[in-house]
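Structure below is data-v5.cif: mmCIF, C-alpha atoms and all ligand atoms.
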```
data_target
loop_
_atom_site.group_PDB
_atom_site.id
_atom_site.type_symbol
_atom_site.label_atom_id
_atom_site.label_comp_id
_atom_site.auth_asym_id
_atom_site.auth_seq_id
_atom_site.Cartn_x
_atom_site.Cartn_y
_atom_site.Cartn_z
ATOM 1 C CA MET K 1 -20.024 6.183 -5.175
ATOM 2 C CA SER K 2 -17.842 9.290 -5.028
ATOM 3 C CA HIS K 3 -14.708 9.987 -6.986
ATOM 4 C CA ARG K 4 -12.174 12.811 -6.937
ATOM 5 C CA GLN K 5 -8.670 13.617 -8.096
ATOM 6 C CA THR K 6 -6.154 13.814 -5.237
ATOM 7 C CA ALA K 7 -2.826 14.269 -7.055
ATOM 8 C CA ALA K 8 -1.349 14.160 -10.551
ATOM 9 C CA ASN K 9 -2.883 11.198 -12.363
ATOM 10 C CA THR K 10 -4.247 9.937 -9.034
ATOM 11 C CA TYR K 11 -7.881 9.436 -8.026
ATOM 12 C CA ARG K 12 -9.789 8.436 -4.909
ATOM 13 C CA LEU K 13 -12.877 6.286 -5.251
ATOM 14 C CA ARG K 14 -15.426 5.553 -2.513
ATOM 15 C CA VAL K 15 -17.459 2.397 -2.979
ATOM 16 C CA GLU K 16 -20.251 0.913 -0.882
ATOM 17 C CA CYS K 17 -18.951 -2.562 -0.010
ATOM 18 C CA PRO K 18 -19.925 -3.442 3.596
ATOM 19 C CA GLY K 19 -18.384 -6.923 3.504
ATOM 20 C CA ILE K 20 -14.973 -5.442 2.747
ATOM 21 C CA ALA K 21 -15.236 -2.221 4.758
ATOM 22 C CA ALA K 22 -16.247 -3.952 8.000
ATOM 23 C CA ALA K 23 -13.559 -6.619 7.850
ATOM 24 C CA ALA K 24 -10.408 -5.250 6.187
ATOM 25 C CA VAL K 25 -7.228 -5.091 8.270
ATOM 26 C CA ALA K 26 -4.248 -2.894 7.442
ATOM 27 C CA GLY K 27 -2.464 -3.977 4.260
ATOM 28 C CA GLN K 28 -5.312 -6.042 2.840
ATOM 29 C CA PHE K 29 -6.642 -5.415 -0.644
ATOM 30 C CA ALA K 30 -9.671 -6.037 -2.826
ATOM 31 C CA MET K 31 -10.031 -7.075 -6.443
ATOM 32 C CA LEU K 32 -12.103 -4.599 -8.463
ATOM 33 C CA ARG K 33 -13.671 -4.729 -11.868
ATOM 34 C CA ILE K 34 -16.233 -2.638 -13.649
ATOM 35 C CA ALA K 35 -19.364 -4.778 -13.837
ATOM 36 C CA ASP K 36 -20.970 -5.367 -17.234
ATOM 37 C CA ARG K 37 -17.723 -4.571 -19.116
ATOM 38 C CA VAL K 38 -15.546 -7.122 -20.843
ATOM 39 C CA ASP K 39 -12.511 -4.873 -21.241
ATOM 40 C CA PRO K 40 -10.657 -5.397 -19.052
ATOM 41 C CA LEU K 41 -12.187 -8.738 -18.194
ATOM 42 C CA LEU K 42 -10.007 -9.494 -15.194
ATOM 43 C CA GLY K 43 -10.170 -7.649 -11.893
ATOM 44 C CA ARG K 44 -7.260 -5.572 -10.584
ATOM 45 C CA PRO K 45 -5.946 -5.453 -7.001
ATOM 46 C CA LEU K 46 -6.133 -2.185 -5.056
ATOM 47 C CA ALA K 47 -5.259 -1.696 -1.399
ATOM 48 C CA VAL K 48 -8.107 -0.798 0.952
ATOM 49 C CA TYR K 49 -7.005 2.767 1.746
ATOM 50 C CA ASP K 50 -9.569 3.602 4.432
ATOM 51 C CA THR K 51 -13.111 2.713 5.532
ATOM 52 C CA TYR K 52 -16.151 4.799 6.544
ATOM 53 C CA ARG K 53 -19.689 4.509 7.900
ATOM 54 C CA SER K 54 -21.245 6.754 5.274
ATOM 55 C CA ALA K 55 -20.620 8.148 1.824
ATOM 56 C CA GLU K 56 -20.227 11.649 3.320
ATOM 57 C CA ASP K 57 -17.800 10.975 6.221
ATOM 58 C CA ASP K 58 -14.467 12.719 5.775
ATOM 59 C CA ALA K 59 -12.902 10.850 8.709
ATOM 60 C CA PRO K 60 -13.380 7.268 9.895
ATOM 61 C CA GLN K 61 -15.976 7.086 12.680
ATOM 62 C CA GLY K 62 -17.227 4.392 15.039
ATOM 63 C CA GLU K 63 -16.430 0.704 15.156
ATOM 64 C CA ILE K 64 -14.878 -1.054 12.165
ATOM 65 C CA SER K 65 -17.851 -3.433 12.141
ATOM 66 C CA GLU K 66 -20.142 -0.438 11.362
ATOM 67 C CA ARG K 67 -18.210 0.595 8.250
ATOM 68 C CA ARG K 68 -19.985 0.218 4.913
ATOM 69 C CA PHE K 69 -17.780 2.196 2.503
ATOM 70 C CA ALA K 70 -14.172 1.732 1.417
ATOM 71 C CA ASP K 71 -11.880 4.213 -0.311
ATOM 72 C CA PHE K 72 -9.398 3.126 -2.964
ATOM 73 C CA VAL K 73 -6.676 5.442 -4.275
ATOM 74 C CA TYR K 74 -5.149 4.644 -7.652
ATOM 75 C CA VAL K 75 -2.735 5.964 -10.227
ATOM 76 C CA VAL K 76 -3.965 5.860 -13.813
ATOM 77 C CA HIS K 77 -1.712 3.234 -15.320
ATOM 78 C CA GLY K 78 -3.265 0.897 -17.915
ATOM 79 C CA ARG K 79 -6.614 -0.333 -19.206
ATOM 80 C CA PHE K 80 -8.450 -0.764 -15.906
ATOM 81 C CA THR K 81 -7.418 2.434 -14.184
ATOM 82 C CA THR K 82 -8.001 4.460 -17.371
ATOM 83 C CA ALA K 83 -11.550 3.082 -17.573
ATOM 84 C CA LEU K 84 -12.078 3.583 -13.835
ATOM 85 C CA LYS K 85 -11.127 7.247 -14.038
ATOM 86 C CA SER K 86 -14.012 7.870 -16.445
ATOM 87 C CA LEU K 87 -16.561 5.735 -14.638
ATOM 88 C CA ALA K 88 -20.020 7.186 -15.218
ATOM 89 C CA PRO K 89 -22.216 7.898 -12.162
ATOM 90 C CA GLY K 90 -24.433 4.890 -11.509
ATOM 91 C CA GLU K 91 -22.109 2.379 -13.147
ATOM 92 C CA ARG K 92 -21.716 -0.711 -11.014
ATOM 93 C CA MET K 93 -18.487 -2.211 -9.741
ATOM 94 C CA THR K 94 -17.786 -5.799 -8.775
ATOM 95 C CA LEU K 95 -15.454 -6.201 -5.793
ATOM 96 C CA TRP K 96 -14.167 -9.201 -3.889
ATOM 97 C CA GLY K 97 -12.217 -9.101 -0.656
ATOM 98 C CA PRO K 98 -10.755 -8.315 1.778
ATOM 99 C CA LEU K 99 -7.871 -10.396 0.477
ATOM 100 C CA GLY K 100 -4.342 -11.259 1.563
ATOM 101 C CA ASN K 101 -2.655 -11.367 4.932
ATOM 102 C CA GLY K 102 -2.107 -7.650 5.555
ATOM 103 C CA TYR K 103 0.503 -6.331 7.993
ATOM 104 C CA ARG K 104 -0.607 -8.666 10.816
ATOM 105 C CA GLU K 105 2.944 -9.902 11.479
ATOM 106 C CA VAL K 106 4.443 -6.428 11.985
ATOM 107 C CA PRO K 107 5.544 -6.444 15.638
ATOM 108 C CA THR K 108 4.848 -3.675 18.139
ATOM 109 C CA THR K 109 8.256 -2.226 18.984
ATOM 110 C CA GLY K 110 7.659 1.323 20.221
ATOM 111 C CA HIS K 111 8.715 3.075 17.004
ATOM 112 C CA LEU K 112 7.432 1.897 13.638
ATOM 113 C CA LEU K 113 8.862 3.355 10.422
ATOM 114 C CA LEU K 114 6.521 3.303 7.411
ATOM 115 C CA VAL K 115 8.152 3.781 4.013
ATOM 116 C CA ALA K 116 6.105 4.363 0.852
ATOM 117 C CA GLY K 117 7.220 4.778 -2.736
ATOM 118 C CA GLY K 118 4.931 6.114 -5.469
ATOM 119 C CA ILE K 119 1.365 4.938 -4.770
ATOM 120 C CA GLY K 120 2.544 2.603 -1.948
ATOM 121 C CA GLN K 121 1.078 4.875 0.735
ATOM 122 C CA THR K 122 -2.343 3.314 0.093
ATOM 123 C CA ALA K 123 -1.393 0.157 1.999
ATOM 124 C CA LEU K 124 0.050 2.006 4.997
ATOM 125 C CA LEU K 125 -2.484 4.568 6.273
ATOM 126 C CA THR K 126 -4.579 2.312 8.514
ATOM 127 C CA LEU K 127 -1.508 0.486 9.831
ATOM 128 C CA GLY K 128 -0.002 3.809 10.896
ATOM 129 C CA ARG K 129 -3.237 5.077 12.415
ATOM 130 C CA ASP K 130 -3.870 1.866 14.384
ATOM 131 C CA ARG K 131 -0.343 1.874 15.797
ATOM 132 C CA ALA K 132 -0.321 5.590 16.614
ATOM 133 C CA ALA K 133 -3.697 5.223 18.371
ATOM 134 C CA ALA K 134 -2.210 2.410 20.458
ATOM 135 C CA GLY K 135 0.587 4.730 21.603
ATOM 136 C CA GLU K 136 3.391 3.645 19.264
ATOM 137 C CA LYS K 137 5.529 6.338 17.640
ATOM 138 C CA VAL K 138 5.033 6.132 13.872
ATOM 139 C CA THR K 139 7.279 7.866 11.349
ATOM 140 C CA PHE K 140 6.051 7.967 7.756
ATOM 141 C CA CYS K 141 8.496 8.555 4.887
ATOM 142 C CA TRP K 142 7.059 8.910 1.391
ATOM 143 C CA GLY K 143 9.137 9.191 -1.739
ATOM 144 C CA ALA K 144 7.983 10.096 -5.246
ATOM 145 C CA SER K 145 9.405 11.517 -8.449
ATOM 146 C CA ARG K 146 7.797 14.955 -7.905
ATOM 147 C CA GLY K 147 5.636 16.792 -5.414
ATOM 148 C CA ALA K 148 2.536 16.642 -7.619
ATOM 149 C CA ALA K 149 2.376 12.898 -6.934
ATOM 150 C CA PHE K 150 1.556 13.435 -3.243
ATOM 151 C CA GLY K 151 -2.159 13.531 -2.451
ATOM 152 C CA ASP K 152 -4.121 13.693 0.807
ATOM 153 C CA ILE K 153 -0.938 13.932 2.907
ATOM 154 C CA ASP K 154 -3.088 15.349 5.719
ATOM 155 C CA ASP K 155 -4.721 11.918 6.119
ATOM 156 C CA PHE K 156 -1.397 10.733 7.505
ATOM 157 C CA ARG K 157 -0.865 13.772 9.716
ATOM 158 C CA ARG K 158 -4.393 13.488 11.137
ATOM 159 C CA ALA K 159 -3.689 9.805 11.816
ATOM 160 C CA GLY K 160 -0.930 10.904 14.210
ATOM 161 C CA LEU K 161 2.065 10.084 12.009
ATOM 162 C CA ASP K 162 5.292 12.080 11.787
ATOM 163 C CA VAL K 163 5.354 12.749 8.017
ATOM 164 C CA HIS K 164 8.494 13.269 5.872
ATOM 165 C CA LEU K 165 8.626 13.586 2.084
ATOM 166 C CA ALA K 166 11.289 13.148 -0.590
ATOM 167 C CA THR K 167 11.163 13.893 -4.312
ATOM 168 C CA LEU K 168 13.690 13.159 -7.033
ATOM 169 C CA ASP K 169 13.283 16.670 -8.500
ATOM 170 C CA GLY K 170 13.294 18.419 -5.117
ATOM 171 C CA SER K 171 9.872 19.988 -5.703
ATOM 172 C CA SER K 172 8.618 18.778 -2.299
ATOM 173 C CA GLY K 173 10.444 17.648 0.824
ATOM 174 C CA LYS K 174 14.030 16.455 0.624
ATOM 175 C CA ARG K 175 15.615 16.228 -2.820
ATOM 176 C CA GLY K 176 16.575 12.610 -3.561
ATOM 177 C CA THR K 177 15.284 9.110 -3.064
ATOM 178 C CA VAL K 178 13.420 7.861 -0.031
ATOM 179 C CA ILE K 179 16.684 6.148 1.001
ATOM 180 C CA ASP K 180 18.380 9.578 1.058
ATOM 181 C CA LEU K 181 15.537 10.735 3.299
ATOM 182 C CA LEU K 182 15.931 7.737 5.642
ATOM 183 C CA ASP K 183 19.697 8.315 5.838
ATOM 184 C CA SER K 184 19.197 11.956 6.768
ATOM 185 C CA LEU K 185 16.538 11.226 9.401
ATOM 186 C CA PHE K 186 18.247 8.206 10.916
ATOM 187 C CA PRO K 187 22.004 8.433 10.401
ATOM 188 C CA ARG K 188 23.873 5.230 11.155
ATOM 189 C CA SER K 189 25.687 6.818 14.091
ATOM 190 C CA GLY K 190 22.341 7.575 15.718
ATOM 191 C CA ALA K 191 20.905 4.089 15.370
ATOM 192 C CA ALA K 192 21.389 3.282 19.034
ATOM 193 C CA GLU K 193 19.444 6.348 20.154
ATOM 194 C CA THR K 194 16.169 5.659 21.888
ATOM 195 C CA ASP K 195 14.254 7.602 19.226
ATOM 196 C CA ALA K 196 15.414 5.407 16.320
ATOM 197 C CA PRO K 197 12.836 3.177 14.612
ATOM 198 C CA ARG K 198 12.721 -0.474 15.632
ATOM 199 C CA HIS K 199 10.832 -1.971 12.699
ATOM 200 C CA VAL K 200 9.988 -1.016 9.117
ATOM 201 C CA ALA K 201 6.859 -1.601 7.018
ATOM 202 C CA CYS K 202 7.140 -0.735 3.364
ATOM 203 C CA CYS K 203 5.134 -0.602 0.132
ATOM 204 C CA GLY K 204 6.153 0.625 -3.309
ATOM 205 C CA PRO K 205 7.934 -0.447 -6.492
ATOM 206 C CA ASP K 206 10.137 -3.562 -6.204
ATOM 207 C CA GLY K 207 13.444 -1.704 -6.662
ATOM 208 C CA MET K 208 12.578 0.748 -3.910
ATOM 209 C CA MET K 209 11.448 -2.043 -1.554
ATOM 210 C CA ALA K 210 14.656 -3.984 -2.218
ATOM 211 C CA ALA K 211 16.625 -0.849 -1.287
ATOM 212 C CA VAL K 212 14.561 -0.317 1.885
ATOM 213 C CA SER K 213 15.065 -3.980 2.738
ATOM 214 C CA ARG K 214 18.879 -3.561 2.440
ATOM 215 C CA TRP K 215 18.723 -0.300 4.414
ATOM 216 C CA SER K 216 16.779 -1.991 7.240
ATOM 217 C CA GLU K 217 19.020 -5.035 7.318
ATOM 218 C CA GLY K 218 22.076 -2.782 7.453
ATOM 219 C CA ARG K 219 20.704 -1.233 10.642
ATOM 220 C CA GLY K 220 19.558 -4.490 12.189
ATOM 221 C CA LEU K 221 15.878 -3.605 11.764
ATOM 222 C CA GLY K 222 13.169 -6.070 10.840
ATOM 223 C CA CYS K 223 11.213 -5.094 7.729
ATOM 224 C CA HIS K 224 7.942 -6.187 6.135
ATOM 225 C CA VAL K 225 7.139 -5.384 2.520
ATOM 226 C CA SER K 226 3.887 -5.515 0.560
ATOM 227 C CA LEU K 227 4.480 -6.820 -2.971
ATOM 228 C CA GLU K 228 2.535 -5.246 -5.845
ATOM 229 C CA ALA K 229 2.557 -8.338 -8.073
ATOM 230 C CA PRO K 230 0.199 -8.416 -11.067
ATOM 231 C CA MET K 231 -2.831 -10.575 -10.168
ATOM 232 C CA ALA K 232 -5.599 -12.197 -12.156
ATOM 233 C CA CYS K 233 -7.882 -13.909 -9.613
ATOM 234 C CA GLY K 234 -6.797 -12.697 -6.157
ATOM 235 C CA ILE K 235 -7.942 -15.939 -4.526
ATOM 236 C CA GLY K 236 -5.148 -18.421 -5.114
ATOM 237 C CA ILE K 237 -6.330 -20.188 -8.261
ATOM 238 C CA CYS K 238 -4.340 -18.834 -11.216
ATOM 239 C CA PHE K 239 -0.726 -18.544 -9.918
ATOM 240 C CA THR K 240 -0.094 -15.316 -11.902
ATOM 241 C CA CYS K 241 1.043 -13.569 -8.720
ATOM 242 C CA VAL K 242 3.860 -15.824 -7.527
ATOM 243 C CA ALA K 243 7.037 -14.456 -5.954
ATOM 244 C CA ARG K 244 10.245 -16.295 -5.067
ATOM 245 C CA VAL K 245 10.284 -16.547 -1.273
ATOM 246 C CA LYS K 246 13.218 -18.004 0.677
ATOM 247 C CA ASP K 247 12.717 -20.563 3.431
ATOM 248 C CA ALA K 248 14.598 -21.081 6.703
ATOM 249 C CA GLU K 249 16.687 -23.937 5.207
ATOM 250 C CA GLY K 250 18.230 -21.649 2.571
ATOM 251 C CA GLY K 251 16.028 -22.866 -0.286
ATOM 252 C CA TRP K 252 13.174 -21.001 -1.912
ATOM 253 C CA ASP K 253 9.701 -21.643 -3.272
ATOM 254 C CA TYR K 254 7.104 -19.761 -5.276
ATOM 255 C CA LYS K 255 4.445 -18.235 -3.013
ATOM 256 C CA ARG K 256 1.162 -16.750 -4.159
ATOM 257 C CA THR K 257 1.203 -13.071 -3.341
ATOM 258 C CA CYS K 258 -2.592 -12.960 -3.113
ATOM 259 C CA ILE K 259 -2.867 -15.724 -0.495
ATOM 260 C CA GLU K 260 0.464 -15.997 1.339
ATOM 261 C CA GLY K 261 1.093 -12.254 0.879
ATOM 262 C CA PRO K 262 1.038 -9.536 -0.199
ATOM 263 C CA VAL K 263 3.037 -8.820 2.971
ATOM 264 C CA PHE K 264 6.255 -10.785 3.519
ATOM 265 C CA ALA K 265 9.332 -10.442 5.706
ATOM 266 C CA ALA K 266 11.697 -8.455 3.484
ATOM 267 C CA THR K 267 14.601 -10.839 4.109
ATOM 268 C CA SER K 268 12.567 -13.743 2.709
ATOM 269 C CA ILE K 269 12.128 -12.145 -0.717
ATOM 270 C CA ASP K 270 14.476 -13.044 -3.572
ATOM 271 C CA TRP K 271 14.858 -9.545 -5.068
ATOM 272 C CA SER K 272 17.055 -10.686 -8.010
HETATM 273 C C1 LIG Y 301 -1.894 -6.061 -3.294
HETATM 274 C C2 LIG Y 301 -1.836 -4.937 -4.305
HETATM 275 C C3 LIG Y 301 -2.326 -3.703 -3.974
HETATM 276 C C4 LIG Y 301 -2.287 -2.668 -4.917
HETATM 277 N N1 LIG Y 301 -2.786 -1.450 -4.539
HETATM 278 C C5 LIG Y 301 -2.762 -0.439 -5.419
HETATM 279 C C6 LIG Y 301 -3.310 0.823 -5.055
HETATM 280 O O1 LIG Y 301 -3.802 1.007 -3.928
HETATM 281 N N2 LIG Y 301 -3.284 1.819 -5.984
HETATM 282 C C7 LIG Y 301 -2.741 1.611 -7.244
HETATM 283 O O2 LIG Y 301 -2.733 2.562 -8.043
HETATM 284 N N3 LIG Y 301 -2.227 0.438 -7.617
HETATM 285 C C8 LIG Y 301 -2.238 -0.600 -6.746
HETATM 286 N N4 LIG Y 301 -1.740 -1.832 -7.129
HETATM 287 C C9 LIG Y 301 -1.203 -1.986 -8.490
HETATM 288 C C10 LIG Y 301 -2.350 -2.163 -9.494
HETATM 289 O O3 LIG Y 301 -3.122 -3.309 -9.171
HETATM 290 C C11 LIG Y 301 -1.773 -2.357 -10.909
HETATM 291 O O4 LIG Y 301 -1.034 -1.214 -11.281
HETATM 292 C C12 LIG Y 301 -2.855 -2.646 -11.946
HETATM 293 O O5 LIG Y 301 -2.305 -3.513 -12.908
HETATM 294 C C13 LIG Y 301 -3.391 -1.448 -12.685
HETATM 295 O O6 LIG Y 301 -4.289 -1.925 -13.673
HETATM 296 P P1 LIG Y 301 -4.343 -1.312 -15.132
HETATM 297 O O7 LIG Y 301 -5.268 -2.140 -15.942
HETATM 298 O O8 LIG Y 301 -4.611 0.145 -15.030
HETATM 299 O O9 LIG Y 301 -2.894 -1.501 -15.686
HETATM 300 P P2 LIG Y 301 -2.421 -2.809 -16.461
HETATM 301 O O10 LIG Y 301 -2.942 -2.773 -17.862
HETATM 302 O O11 LIG Y 301 -2.718 -4.003 -15.629
HETATM 303 O O12 LIG Y 301 -0.878 -2.592 -16.478
HETATM 304 C C14 LIG Y 301 -0.215 -1.802 -17.453
HETATM 305 C C15 LIG Y 301 1.229 -2.259 -17.502
HETATM 306 O O13 LIG Y 301 1.814 -2.346 -16.192
HETATM 307 C C16 LIG Y 301 2.278 -3.662 -15.936
HETATM 308 N N5 LIG Y 301 1.905 -3.948 -14.578
HETATM 309 C C17 LIG Y 301 0.662 -4.255 -14.131
HETATM 310 N N6 LIG Y 301 0.657 -4.432 -12.793
HETATM 311 C C18 LIG Y 301 1.920 -4.209 -12.394
HETATM 312 C C19 LIG Y 301 2.561 -4.253 -11.144
HETATM 313 N N7 LIG Y 301 1.880 -4.530 -10.025
HETATM 314 N N8 LIG Y 301 3.886 -4.005 -11.079
HETATM 315 C C20 LIG Y 301 4.579 -3.733 -12.202
HETATM 316 N N9 LIG Y 301 4.027 -3.675 -13.429
HETATM 317 C C21 LIG Y 301 2.724 -3.918 -13.528
HETATM 318 C C22 LIG Y 301 1.591 -4.560 -16.911
HETATM 319 O O14 LIG Y 301 2.405 -5.673 -17.246
HETATM 320 C C23 LIG Y 301 1.379 -3.640 -18.101
HETATM 321 O O15 LIG Y 301 2.517 -3.611 -18.906
HETATM 322 C C24 LIG Y 301 -1.746 -2.876 -6.207
HETATM 323 C C25 LIG Y 301 -1.249 -4.137 -6.535
HETATM 324 C C26 LIG Y 301 -1.299 -5.162 -5.591
HETATM 325 C C27 LIG Y 301 -0.797 -6.521 -5.952
HETATM 326 S S1 LIG Y 302 -3.820 -13.839 -8.360
HETATM 327 FE FE1 LIG Y 302 -4.486 -15.838 -8.899
HETATM 328 S S2 LIG Y 302 -3.282 -17.104 -7.580
HETATM 329 FE FE2 LIG Y 302 -2.790 -15.100 -6.935
#
```

How does this structure look as structure tokens?
Ligand SMILES: Cc1cc2nc3c(=O)[nH]c(=O)nc-3n(C[C@H](O)[C@H](O)[C@H](O)COP(=O)(O)OP(=O)(O)OC[C@H]3O[C@@H](n4cnc5c(N)ncnc54)[C@H](O)[C@@H]3O)c2cc1C
Ligand code: FES
Amino acid sequence: MSHRQTAANTYRLRVECPGIAAAAVAGQFAMLRIADRVDPLLGRPLAVYDTYRSAEDDAPQGEISERRFADFVYVVHGRFTTALKSLAPGERMTLWGPLGNGYREVPTTGHLLLVAGGIGQTALLTLGRDRAAAGEKVTFCWGASRGAAFGDIDDFRRAGLDVHLATLDGSSGKRGTVIDLLDSLFPRSGAAETDAPRHVACCGPDGMMAAVSRWSEGRGLGCHVSLEAPMACGIGICFTCVARVKDAEGGWDYKRTCIEGPVFAATSIDWS
């Protein structure tokens, strides 16, 4: 296990978990808990950020099926992440996954726009890399409150993504929200240009994803979002993770984010 700080209040953990590392697709997650501890008792969901063959690799190598290690990147938030930050060498973790649907339904359109808010970049790296490797143009826009929140940005550049940043305090990238950044990169008048994105994949806080959903709809772009709902089991049993999801007939139903999600078509989510 290796562990390092990547940004303000943000850490990157590498765990040996071959079953997860060799099978995870972009946007899937795992449930993690610190073994032999009762506080917190329940696991917490973290996106599978990237996967590796060895504990020492600093870039993914070889076939996915050969991967044995997964990296998770987390912001210190509450009881679990506070305990995780101080994990002693040799302490054991319990993980289950890979879980959820991932970004499987995101279509190949020629230009994919990835939009992250806060720690939402963790769900997007492998999606961007896979699509860039397949020849698709991938633009990555990441918004945060301040520049100190951005960590390991070079992972995204090395993955072949065109990276743009926005911060509320203007300390890094464009000053403003990620929507301000999107407006400046892709003004409405330019939407018909061949270089404009054709589809959006997004992860971040609900308010930001609702805004990205409206932004995409306003430009006629499809959009998929990954919901960060609180979860207790991760495997469909407890129903703590439900979200209101609209159906084609104009009604809605509760869907389990851990099983039917976490990725949904943005227009199907009831953001109210
Ligand atoms: C599919 C998925 C992937 C995720 N990936 C990552 C990741 O890669 N990195 C990362 O840092 N976080 C990620 N999260 C969020 C992370 O699981 C939560 O922040 C988790 O609760 C942190 O545990 P904690 O014990 O530190 O905080 P907690 O004690 O669980 O939470 C502290 C406070 O935050 C509230 N809260 C908890 N979870 C959420 C939430 N999701 N949204 C809003 N409020 C919440 C609680 O009600 C509580 O008041 C992901 C969530 C999901 C569903
Ligand atoms: S977390 Fe238990 S049903 Fe989704």

Q: Could you pull out the residues sitting within 8 Å of ligand LIG 301 (chain Y), using only C-alpha atoms and all ligand atoms, and write them as a PyMOL selection string?
A: chain K and resi 10+27-30+40+44-49+72-83+100+119-123+205-206+226-231+241+257-258+262

Q | Expansion of the PyMOL selection byres (((not hetatm)) within 7 of (chain Y and resi 302)) into residues, as an MDAnalysis selection string | A | chainID K and resid 231:242 256:259

Q) Hey, what's within 9 Å of Glu105 in chain K if we count all atoms listed in the file and toss same-chain stuff fewer than 5 positions away? As a VMD selection string, please? A) chain K and resid 224 263 to 265

Q. Skipping near chain neighbours, those fewer than 3 positions away, what residues fall within 10 Å of Pro107 in chain K using only C-alpha atoms, listed as a ChimeraX atom specification?
A. /K:103-104,110,112,198-201,222-224

**Q.** Residues returned when the PyMOL selection byres (((chain K and resi 16) around 7) and not hetatm) runs on this file, as number ranges by chain
**A.** K: 1, 14-15, 17-18, 68-70

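CA of Leu13 in chain K sits 13.0 Å away from CA of Asp152 in chain K.
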
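We find CA of Ala26 in chain K and CA of Gly261 in chain K to be spaced 12.6 Å apart.
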
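Taking CA of Ser172 in chain K as the reference point, CA of Arg146 in chain K is found at 6.8 Å.
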
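Each of K:Ala243, K:Val25, K:Ile179, K:Leu124 was compared to Glu260 in chain K using all atoms listed in the file, and K:Ala243 turns out to be the nearest.
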
Q: Find the residues near Gly117 in chain K: any atom within 6 Å, counting all atoms listed in the file, skip ones fewer than 5 places away on the same chain, and give them as a ChimeraX atom specification.
A: /K:142-144,204

Export of the given selection (C-alpha atoms) as a PDB file, in the frame of the given file:
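Below is the file that was written, selection.pdb:
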```
ATOM      1  CA  TRP K 142       7.059   8.910   1.391  1.00  0.00           C
ATOM      2  CA  GLY K 143       9.137   9.191  -1.739  1.00  0.00           C
ATOM      3  CA  ALA K 144       7.983  10.096  -5.246  1.00  0.00           C
ATOM      4  CA  GLY K 204       6.153   0.625  -3.309  1.00  0.00           C
TER       5      GLY K 204
END
```

Could you list, as a PDB file with C-alpha atoms, in the coordinates of the input, every residue matched by the PyMOL selection byres (((chain K and resi 149) around 6) and not hetatm) in this structure?
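Printed below is selection-v7.pdb as written:
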```pdb
ATOM      1  CA  ALA K   7      -2.826  14.269  -7.055  1.00  0.00           C
ATOM      2  CA  ALA K   8      -1.349  14.160 -10.551  1.00  0.00           C
ATOM      3  CA  ARG K 146       7.797  14.955  -7.905  1.00  0.00           C
ATOM      4  CA  GLY K 147       5.636  16.792  -5.414  1.00  0.00           C
ATOM      5  CA  ALA K 148       2.536  16.642  -7.619  1.00  0.00           C
ATOM      6  CA  PHE K 150       1.556  13.435  -3.243  1.00  0.00           C
TER       7      PHE K 150
END
```

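In terms of minimum interatomic distance to Gly160 in chain K, K:Leu125 ranks closest within K:Met93, K:Ile34, K:Leu125, K:Ala55, counting all atoms listed in the file.
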
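With all atoms listed in the file as the basis for measurement, K:Thr94 is the residue among K:Leu87, K:Asp155, K:Thr94, K:Arg67 that approaches Gly43 in chain K most closely.
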
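Residues in contact with Ser65 in chain K at up to 10 Å, not including ones fewer than 6 positions away on its chain and judged by all atoms listed in the file, are Pro18, Gly19, Ala21, Ala22, Ala23, Ala24 and Arg53 of chain K.
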
Using C-alpha atoms, can you write the selected residues to a file as an mmCIF file, keeping the file's coordinate frame?
```cif
data_model
loop_
_atom_site.group_PDB
_atom_site.id
_atom_site.type_symbol
_atom_site.label_atom_id
_atom_site.label_comp_id
_atom_site.auth_asym_id
_atom_site.auth_seq_id
_atom_site.Cartn_x
_atom_site.Cartn_y
_atom_site.Cartn_z
ATOM 1 C CA PRO K 18 -19.925 -3.442 3.596
ATOM 2 C CA GLY K 19 -18.384 -6.923 3.504
ATOM 3 C CA ALA K 21 -15.236 -2.221 4.758
ATOM 4 C CA ALA K 22 -16.247 -3.952 8.000
ATOM 5 C CA ALA K 23 -13.559 -6.619 7.850
ATOM 6 C CA ALA K 24 -10.408 -5.250 6.187
ATOM 7 C CA ARG K 53 -19.689 4.509 7.900
#
```

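Among the candidates K:His3, K:Ala166, K:Ala35, K:Thr267, the one nearest to Lys85 in chain K when counting only C-alpha atoms is K:His3.
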
Q: Step by step: start from the point (8.7, 3.5, 17.2) in the file's coordinates, keep every protein, DNA or RNA residue that has an atom no farther than 7 Å from it, count only C-alpha atoms, and write the set as a PyMOL selection string.
A: chain K and resi 109-113+136-138+197-198

Q.
I want to know what sits within 8 Å of Cys141 in chain K, based on only C-alpha atoms, with residues of the same chain fewer than 5 positions away left out; could you give that as a PyMOL selection string?
A. chain K and resi 113-116+163-166+178+181-182

Write the residues you've just listed into a file as a PDB file, keeping the file's coordinate frame, and include C-alpha atoms for each of them.
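Writing the result to part_13.pdb gives the following:
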```
ATOM      1  CA  LEU K 113       8.862   3.355  10.422  1.00  0.00           C
ATOM      2  CA  LEU K 114       6.521   3.303   7.411  1.00  0.00           C
ATOM      3  CA  VAL K 115       8.152   3.781   4.013  1.00  0.00           C
ATOM      4  CA  ALA K 116       6.105   4.363   0.852  1.00  0.00           C
ATOM      5  CA  VAL K 163       5.354  12.749   8.017  1.00  0.00           C
ATOM      6  CA  HIS K 164       8.494  13.269   5.872  1.00  0.00           C
ATOM      7  CA  LEU K 165       8.626  13.586   2.084  1.00  0.00           C
ATOM      8  CA  ALA K 166      11.289  13.148  -0.590  1.00  0.00           C
ATOM      9  CA  VAL K 178      13.420   7.861  -0.031  1.00  0.00           C
ATOM     10  CA  LEU K 181      15.537  10.735   3.299  1.00  0.00           C
ATOM     11  CA  LEU K 182      15.931   7.737   5.642  1.00  0.00           C
TER      12      LEU K 182
END
```
